[in-house]
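Asks: Attaching a single structure in structure tokens format; questions to follow.
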Amino acid sequence: MKFLEYTPLARINAFLSHVDVGGCMIQGGLEAYSCKLAGVDKKLSRSLEQEVVDSLAYLPFDLSTSPVGSLSSTASRRTLIYLILTLNHMYPDYDFSMLRPQHFIKEHGVFAAKQKIDVSLVEASKIWFTEVGEETTLMDSIWNAIDEVMTLEDCEVYSYSPDAEGDPFADTGSIWSFNYFFYNKKQKRILYFSSRCASKLSMDMTSSDDGSAEWDFDFVDGMDLEG
């Protein structure tokens with residue numbers, strides 16, 4: 001999968017990297033990828049596909065109810081693989097190859113996901129208004145950028161529902177987090193939009209070279225997470 005660089009997304013990411021909303025810190029990011037596979041991704045894709053095919057005989061749930069569709073369908077298996085590969089790119093210190101359809105939720109369209117995201121980022125939107133001072137709101141800027149990159153009307157939307165062990169967001173002090181995938185089959189692109197809100201009082205502290213303390217913001221800065 002190839003990272004797709006877009007200026008509108010970069011600008012929003014810069015703002016969402018550290019949004020101080022008082023007693024909490026909101027952090028987030030959006031990244032778009034081409035679903036064209038090569039190298040390691042292609043090799044892992046083949047391996048994952050074979051594992052899913054081999055498991056069809058004993059899966060404990062109705063294949064037709066899988067969030068990505070029937071796993072007997074090549075297109076559904078491909079969707080699952082793209083979701084997994086996207087997470088692997090976003091969080092290289094985690095291995096998501098063991099994820100299966102039950103770890104994901106298919107949202108009831110773009111509008112349903114939009115409502116949830118808008119509510120989560122209400123406080124960040126207020127900071128955008130005071131600090132950036134633009135007529136265009138934060139949420140309008142976000143959705144316009146996503147639409148420009150992905151063509152929202154053609155997207156399926158999935159969310160990641162991790163267990164505690166495989167959750168990059170399961171830090172002490174995390175108040176909420178979300179992980180959405182906007183997948184456009186026609187364009188063969190996928191966009192991942194994640195954010196979290198953490199209590200300042202519970203956030204990990206790291207000591208600087210001069211002995212003073214500073215907040216650890218590795219979540220967004222290079223997405224360099226340690227498992």
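Each chain in the structure tokens gets a letter, A, B, ..., in the order shown, and its residues are numbered from 1; ligands are numbered from 1 in order too.
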Return as JSON, numbers by chain the full set of residues in segment 105-195 of chain A whose backbone-based DSSP assignment is strand (DSSP E).
Replies: {"A": [105, 106, 155, 156, 157, 158, 159, 160, 174, 175, 176, 177, 178, 179, 180, 181, 182, 183, 184, 189, 190, 191, 192, 193, 194, 195]}
Asks: Residues within 12 Å of segment 106-110 of chain A, please, as a VMD selection string. Count only C-alpha atoms; anything in the same chain fewer than 5 positions from it doesn't count.
Replies: chain A and resid 65 to 69 79 to 80 83 101 115 to 118 143 146 to 147 150 to 161 179 to 184
Asks: Looking only at helix (DSSP H, G or I) from DSSP on the backbone, list the matching residues of segment 54-211 of chain A as a PyMOL selection string.
Replies: chain A and resi 54-55+63-65+74-90+101-103+109-120+122-131+138-150+152-154+164-166
Asks: Please save C-alpha atoms of the selected residues as a short mmCIF file (atom, residue, chain, number, x, y, z; two decimals), in the first residue's frame.
Replies:
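Generated output (selection_26.cif):
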data_model
loop_
_atom_site.label_atom_id
_atom_site.label_comp_id
_atom_site.auth_asym_id
_atom_site.auth_seq_id
_atom_site.Cartn_x
_atom_site.Cartn_y
_atom_site.Cartn_z
CA ASP A 54 -8.49 -22.28 5.27
CA SER A 55 -10.61 -21.13 8.21
CA LEU A 63 -20.29 -16.07 6.90
CA SER A 64 -23.02 -13.91 5.41
CA THR A 65 -23.14 -11.75 8.56
CA THR A 74 -12.89 -12.61 -2.87
CA ALA A 75 -13.96 -8.95 -2.63
CA SER A 76 -14.91 -9.33 1.05
CA ARG A 77 -11.64 -11.02 1.90
CA ARG A 78 -9.80 -8.25 0.07
CA THR A 79 -11.62 -5.61 2.14
CA LEU A 80 -10.60 -7.36 5.36
CA ILE A 81 -6.99 -7.51 4.19
CA TYR A 82 -6.93 -3.81 3.32
CA LEU A 83 -8.21 -2.92 6.79
CA ILE A 84 -5.50 -5.03 8.41
CA LEU A 85 -2.71 -3.70 6.18
CA THR A 86 -3.78 -0.12 6.88
CA LEU A 87 -3.44 -0.67 10.62
CA ASN A 88 -0.04 -2.29 10.09
CA HIS A 89 1.13 0.82 8.22
CA MET A 90 -0.28 3.20 10.81
CA PRO A 101 -13.96 -9.67 10.68
CA GLN A 102 -15.35 -9.65 14.23
CA HIS A 103 -12.79 -6.98 15.15
CA GLY A 109 -23.14 4.83 5.96
CA VAL A 110 -20.98 7.94 5.95
CA PHE A 111 -23.57 10.10 7.72
CA ALA A 112 -23.72 7.81 10.77
CA ALA A 113 -19.93 7.87 11.14
CA LYS A 114 -19.88 11.62 10.57
CA GLN A 115 -22.33 12.23 13.41
CA LYS A 116 -20.21 10.22 15.87
CA ILE A 117 -16.98 11.92 14.85
CA ASP A 118 -18.51 15.40 14.97
CA VAL A 119 -19.71 14.81 18.53
CA SER A 120 -16.31 13.53 19.65
CA VAL A 122 -16.83 19.29 19.56
CA GLU A 123 -14.23 20.63 22.00
CA ALA A 124 -11.46 20.51 19.40
CA SER A 125 -13.73 22.48 17.06
CA LYS A 126 -13.94 25.28 19.62
CA ILE A 127 -10.14 25.49 19.80
CA TRP A 128 -9.95 25.57 15.98
CA PHE A 129 -12.31 28.54 15.94
CA THR A 130 -10.27 30.53 18.46
CA GLU A 131 -6.77 29.57 17.29
CA LEU A 138 -12.92 22.34 11.79
CA MET A 139 -15.49 19.69 10.88
CA ASP A 140 -16.27 21.28 7.52
CA SER A 141 -12.52 21.42 6.83
CA ILE A 142 -12.16 17.75 7.75
CA TRP A 143 -15.11 16.50 5.70
CA ASN A 144 -14.23 18.65 2.70
CA ALA A 145 -10.69 17.28 2.76
CA ILE A 146 -11.84 13.66 3.12
CA ASP A 147 -14.36 14.13 0.31
CA GLU A 148 -11.67 15.63 -1.93
CA VAL A 149 -9.40 12.66 -1.34
CA MET A 150 -11.95 9.84 -1.14
CA LEU A 152 -17.41 10.19 0.32
CA GLU A 153 -20.56 9.20 -1.55
CA ASP A 154 -18.67 6.19 -2.94
CA ALA A 164 -7.40 -4.42 25.18
CA GLU A 165 -4.30 -6.37 24.17
CA GLY A 166 -4.15 -5.11 20.60
#
Asks: I need the residue nearest Leu48 of chain A from this list: A:Tyr91, A:Phe104, A:Phe178, A:Phe96. Use only C-alpha atoms for the distance.
Replies: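 Closest to Leu48 of chain A, using only C-alpha atoms: A:Phe96.
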Asks: Tell me which of A:Ile26, A:Val132, A:Leu37, A:Met1 sits closest to Trp176 of chain A, counting only C-alpha atoms.
Replies: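 So, comparing all the options, the nearest one is A:Ile26.
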Asks: Take atom CA of Leu9 of chain A and atom CA of Gly28 of chain A and report the distance between them in Å, one decimal.
Replies: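 Result for atom CA of Leu9 of chain A versus atom CA of Gly28 of chain A: 11.4 Å, one decimal.
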Asks: Could you check which of A:Ser195, A:Ser17, A:Ser97, A:Ser174 is closest to Asp41 of chain A, using only C-alpha atoms?
Replies: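 Checking each candidate against Asp41 of chain A, we get A:Ser97 as the closest.
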Asks: Contacts of Asn13 of chain A at 9 Å or less, counting only C-alpha atoms, minus same-chain residues fewer than 2 places along, as number ranges by chain?
Replies: A: 8-11, 15-17, 27-31, 220
Asks: Go ahead and compute the interatomic distance for atom CA of Ser45 of chain A and atom CA of Phe193 of chain A, in Å to one decimal.
Replies: 22.1 Å
Asks: Which of these residues is nearest to Ser72 of chain A, using only C-alpha atoms: A:Leu121, A:Ile190, A:Val40, A:Val52?
Replies: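 Result for the nearest residue to Ser72 of chain A: A:Val52.
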